[in-house]
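Trainee: What follows is a structure written as structure tokens; I'll ask about it next.
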Amino acid sequence: MSNRTHTTPGGHDAELAHRRLRASARPLAVLFAAGALLVLPPSPVALSHASAPTTTAADTAQHVGKAWQGAWSTSVQQPGRGLFPNWSQQGFKQQSVRQVVRVSTGGSSARVKISNRYGTAPLTVTGATVGRTDKGAAVHKGSSLPLTFSKKGSVTIPAGGEVYTDAAPLKVKALESLTITLYFNEPTGPSTYHMAASQTAYRAAGDQRADDAGKAFTETTASWYYLANVEVKGAGPGLRKGVVTFGDSITDGMGSTIDASNRYPDDLAERFVAEDDPRTVLNQGISGNMVTVGTPGTGESAVDRFKKDVLGEPGIRTVVIMEGINDIGLGGMGQIPDVSAEQIIAGHKELVRQAHAKGLKVIGSTLIPFKGAGYYTDRGETKREAFNEWLLNSDVYDEVIDLDKVVADPADPDRLLPAYDSGDHLHPSDAGYRAMAEALDLDEL
């Protein structure tokens, strides 16, 4: 995997195609054109050129000196109505929320980061537990442990704040699913959340932390609430070999089967485990996210959120970035500015600059086909081709992966291969995400 190297489809079998998610969400373009989401002011994009990676003693201490390693993550967002029903705007009161996450690597103990980044008032978590996931909302009997905060059972997080729980003595295996239950006795107000989790979350009235069978959890959505990270600790110091995948809904896994962990970062984590080398693989994708502009419904711009969502993660060596298709498709709709390919490129240069300043390796991906999608235009296709041409012939990124070629239909390269199409002509199917993960060279990560 290197600059100017094209990767072609490997003929991956389409046995997972029948498991595609038939998304109930309206197309992004329809939602934005209807003005359902308000737009924040465009984020400034620096035009500076990226420099070569450098690592300082301070960087080494930040990324290696701590034994904690990222095992799971998601990028949090402002509360909003989103693309499908969720609980973020109403928040919670005298309710328990049970959520499932799958870790990429294991350790001898675990801790959870709870985020009130977009809260407008202090958030009180009355109590929390972590246990091994059974089926649905159930937790394996006897596996549930209390999560504490500075040895206390509850915590109040200020508006804009985030806290880690104490270490829970739970031995975690790579690719194991954990169930985290949060109980809120006092009203939370609108909730910091992640809209498109592709994972079921459960809600119940009252304090149901002890309900291992999960029978009280009768309400569901497909979003995560307040969770930002799960970290694990081994016996020795952490190793700097983790990977962050950064991008929009394609990184987020939109179109993959719900509750199946078939996003491309999930498939990448499985490849590391198959090689007997489990590694941190973190997913920092947000559906609808753009490089150059932020909105309440699609998160802060990539340029603005990169420091928050990537640069503080422990043990990270490499960042894989694929983003820009929403700048192209949504540009000019409602209050969203119509940006040029050059503006998107400038944003990518700024992302690389930020990563290199922290000593991280950065891999850029071409933008995959979107012909037939709800916001496709010939003009947008011209921008996509211009961006891809720049990426493939530029030395700004340390490496380039041509995922466009991996998932494109050879008979019509502006479209996704039918077996790799979730059905909306924008997001890959489970098989498409698997093909993307298989195209990444593990030795380069």
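Residue numbers start at 1 in each chain; chains themselves are named A, B, ... in the order of the structure tokens; ligands are numbered from 1 in the order shown.
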List the neighbours of Ala168 (chain A) out to 7 Å using only C-alpha atoms; skip same-chain residues closer than 2 positions along the sequence, and give me the result as a compact mmCIF listing (two decimals) with N, CA and C atoms, in the first residue's frame.

Mentor:
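Contents of selection_24.txt, as written:
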```txt
# COMPACT_ATOMS: atom_id res chain seq x y z
N SER A 109 -7.90 -5.45 32.59
CA SER A 109 -8.93 -4.62 33.21
C SER A 109 -9.41 -3.62 32.17
N ALA A 110 -10.51 -2.94 32.50
CA ALA A 110 -11.12 -2.03 31.53
C ALA A 110 -11.64 -0.79 32.25
N ARG A 111 -11.69 0.30 31.51
CA ARG A 111 -12.32 1.52 32.00
C ARG A 111 -13.09 2.17 30.86
N LEU A 147 -19.10 -0.01 38.00
CA LEU A 147 -18.11 0.97 37.56
C LEU A 147 -18.12 2.11 38.56
N ASP A 166 -13.07 4.35 37.12
CA ASP A 166 -11.92 3.61 37.65
C ASP A 166 -11.77 2.30 36.85
N LEU A 170 -12.01 -6.63 35.07
CA LEU A 170 -12.68 -7.52 34.13
C LEU A 170 -11.68 -7.89 33.03
```

Trainee: Using only C-alpha atoms, which protein or nucleic acid residues come within 10 Å of Thr292 (chain A)? Drop anything in the same chain fewer than 6 positions from it, and give the result as an MDAnalysis selection string.

Mentor: chainID A and resid 42:45 300:304 324 326:327 337 339 343:348

Trainee: If you run DSSP on the backbone, which residues of region 99-247 of chain A are strand (DSSP E or B), as an NGL selection string?

Mentor: :A and (99-102 or 107 or 109-115 or 123-125 or 127-133 or 139 or 145-147 or 149 or 152 or 155-157 or 162-164 or 168 or 172 or 177-184 or 193-194 or 201-205 or 219-221 or 224-225 or 227-233 or 242-247)

Trainee: DSSP on the backbone, helix (DSSP H, G or I) only: what residues of region 27-235 of chain A does that give? Format it as a list in words.

Mentor: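 Matching residues, listed in order: Leu28, Ala29, Val30, Leu31, Phe32, Ala33, Ala57, Ala58, Asp59, Thr60, Ala61, Gln62 and His63 of chain A.
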
Trainee: Could you write those residues out with C-alpha atoms, as a compact mmCIF listing (two decimals), in the first residue's frame?

Mentor:
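Written out: out_12.txt:
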```txt
# COMPACT_ATOMS: atom_id res chain seq x y z
CA LEU A 28 -28.96 12.36 3.77
CA ALA A 29 -29.59 14.62 0.81
CA VAL A 30 -33.34 14.66 1.42
CA LEU A 31 -32.90 15.47 5.08
CA PHE A 32 -30.54 18.34 4.43
CA ALA A 33 -32.51 19.75 1.51
CA ALA A 57 9.72 13.05 24.13
CA ALA A 58 6.41 14.59 25.19
CA ASP A 59 4.62 12.77 22.36
CA THR A 60 6.21 9.50 23.37
CA ALA A 61 5.09 9.97 26.96
CA GLN A 62 1.57 10.74 25.84
CA HIS A 63 1.19 7.78 23.48
```

Trainee: Restricting the calculation to only C-alpha atoms, which member of A:Phe92, A:Phe246, A:Tyr118, A:Tyr226 is positioned closest to Asp309 (chain A)?

Mentor: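 Nearest to Asp309 (chain A): A:Phe246.
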
Trainee: With a distance cut-off of 9 Å and only C-alpha atoms, select the neighbouring residues of Asn283 (chain A), excluding the residue or stretch itself and same-chain residues fewer than 5 positions from it, and output the selection as a ChimeraX atom specification.

Mentor: /A:72-75,243-247,251-252,263,265-266

Trainee: Restricting the output to C-alpha atoms, write the selected residues as a JSON list (two decimals), in the first residue's frame.

Mentor:
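Listed below is the output, result-v8.json:
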```json
[["chain", "number", "residue", "atom", "x", "y", "z"],
["A", 72, "TRP", "CA", -13.31, 0.77, 21.37],
["A", 73, "SER", "CA", -14.36, 4.32, 20.57],
["A", 74, "THR", "CA", -16.97, 6.44, 18.87],
["A", 75, "SER", "CA", -17.11, 10.13, 18.00],
["A", 243, "VAL", "CA", -4.93, 2.46, 14.31],
["A", 244, "VAL", "CA", -7.63, 5.14, 14.13],
["A", 245, "THR", "CA", -10.04, 5.10, 11.20],
["A", 246, "PHE", "CA", -11.39, 8.60, 10.63],
["A", 247, "GLY", "CA", -14.19, 9.69, 8.31],
["A", 251, "THR", "CA", -16.17, 4.68, 8.19],
["A", 252, "ASP", "CA", -19.10, 4.77, 10.64],
["A", 263, "ARG", "CA", -18.09, -1.98, 9.67],
["A", 265, "PRO", "CA", -12.81, -1.03, 11.07],
["A", 266, "ASP", "CA", -14.41, -4.09, 12.72]]
```

Trainee: Fewer than 5 positions away in the same chain doesn't count, so skip those; otherwise give me all residues within 10 Å of Asp338 (chain A), counting only C-alpha atoms, as a PyMOL selection string.

Mentor: chain A and resi 327-333+343

Trainee: Report, in Å to a single decimal, how far apart CA of Ala201 (chain A) and CA of Glu438 (chain A) are.

Mentor: 28.9 Å

Trainee: Between A:Ala216, A:Ala210, A:Ala222, A:Met436, which is the closest to Lys405 (chain A) once you count only C-alpha atoms?

Mentor: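 Nearest to Lys405 (chain A): A:Met436.
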
Trainee: In Å, rounded to a single decimal, give me how far CA of Ala260 (chain A) is from CA of Ile286 (chain A).

Mentor: 18.4 Å

Trainee: Taking only C-alpha atoms into account, name the residue in A:Pro85, A:Gly423, A:Gly312, A:Pro122 that is nearest to Gly189 (chain A).

Mentor: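 So, comparing all the options, the nearest one is A:Pro122.
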
Trainee: Can you tell me, as a PyMOL selection string, what residues are no more than 7 Å from Trp68 (chain A) when counting only C-alpha atoms, ignoring any on the same chain fewer than 4 positions away?

Mentor: chain A and resi 231-233+238+314

Trainee: Go ahead and compute the interatomic distance for CA of Asp134 (chain A) and CA of Thr221 (chain A), in Å to one decimal.

Mentor: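 That distance, rounded to one decimal, is 18.1 Å.
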
Trainee: Any idea what's packed within 10 Å of Phe370 (chain A), counting only C-alpha atoms, ignoring anything in its chain fewer than 6 positions away? Could you give it as a PDB file with C-alpha atoms, in the first residue's frame?

Mentor:
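Output saved as around.pdb:
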```pdb
ATOM      1  CA  ILE A 325     -17.990  12.799  -0.227  1.00  0.00           C
ATOM      2  CA  GLY A 329     -22.844  15.746  -2.304  1.00  0.00           C
ATOM      3  CA  TYR A 376     -25.228  12.421  -6.900  1.00  0.00           C
ATOM      4  CA  THR A 377     -24.643  14.953  -9.695  1.00  0.00           C
ATOM      5  CA  GLY A 380     -20.130  16.290  -7.906  1.00  0.00           C
ATOM      6  CA  GLU A 381     -18.566  13.378  -9.760  1.00  0.00           C
ATOM      7  CA  ARG A 384     -14.675  13.414  -6.663  1.00  0.00           C
ATOM      8  CA  ASP A 404     -12.302   3.591  -5.069  1.00  0.00           C
ATOM      9  CA  ALA A 408     -16.069   0.096  -7.977  1.00  0.00           C
ATOM     10  CA  PRO A 413     -16.439   2.584 -12.399  1.00  0.00           C
ATOM     11  CA  ASP A 414     -18.540   5.524 -11.163  1.00  0.00           C
ATOM     12  CA  ARG A 415     -20.832   3.038  -9.370  1.00  0.00           C
ATOM     13  CA  LEU A 416     -20.335   0.588  -6.538  1.00  0.00           C
ATOM     14  CA  ASP A 421     -23.670  -1.906  -2.562  1.00  0.00           C
ATOM     15  CA  ASP A 424     -28.432   3.213  -1.600  1.00  0.00           C
ATOM     16  CA  HIS A 425     -25.498   3.400  -4.057  1.00  0.00           C
ATOM     17  CA  LEU A 426     -23.443   5.307  -1.485  1.00  0.00           C
ATOM     18  CA  HIS A 427     -22.724   2.988   1.434  1.00  0.00           C
TER      19      HIS A 427
END
```

Trainee: Got a sec: who's within 9 Å of Ala386 (chain A), counting only C-alpha atoms, leaving out chain neighbours fewer than 4 positions off, as number ranges by chain?

Mentor: A: 341-342, 381-382, 390-391

Trainee: Okay, now the selection with N, CA, C and O atoms, as a tab-separated table (two decimals), in the first residue's frame?

Mentor:
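The result, stored in out-v8.tsv:
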```tsv
chain	number	residue	atom	x	y	z
A	341	ALA	N	-13.22	21.22	-5.00
A	341	ALA	CA	-12.28	20.13	-4.71
A	341	ALA	C	-11.04	20.68	-4.04
A	341	ALA	O	-10.47	20.04	-3.14
A	342	GLU	N	-10.62	21.89	-4.42
A	342	GLU	CA	-9.43	22.51	-3.83
A	342	GLU	C	-9.63	22.79	-2.34
A	342	GLU	O	-8.69	22.66	-1.55
A	381	GLU	N	-19.47	14.43	-9.30
A	381	GLU	CA	-18.57	13.38	-9.76
A	381	GLU	C	-17.26	13.98	-10.26
A	381	GLU	O	-16.17	13.43	-10.02
A	382	THR	N	-17.34	15.12	-10.92
A	382	THR	CA	-16.12	15.79	-11.38
A	382	THR	C	-15.24	16.18	-10.19
A	382	THR	O	-14.01	16.04	-10.24
A	390	TRP	N	-5.79	14.08	-7.33
A	390	TRP	CA	-4.80	14.75	-6.48
A	390	TRP	C	-4.19	13.79	-5.47
A	390	TRP	O	-2.96	13.74	-5.31
A	391	LEU	N	-5.04	13.01	-4.81
A	391	LEU	CA	-4.56	12.12	-3.76
A	391	LEU	C	-3.58	11.09	-4.31
A	391	LEU	O	-2.52	10.83	-3.71
```
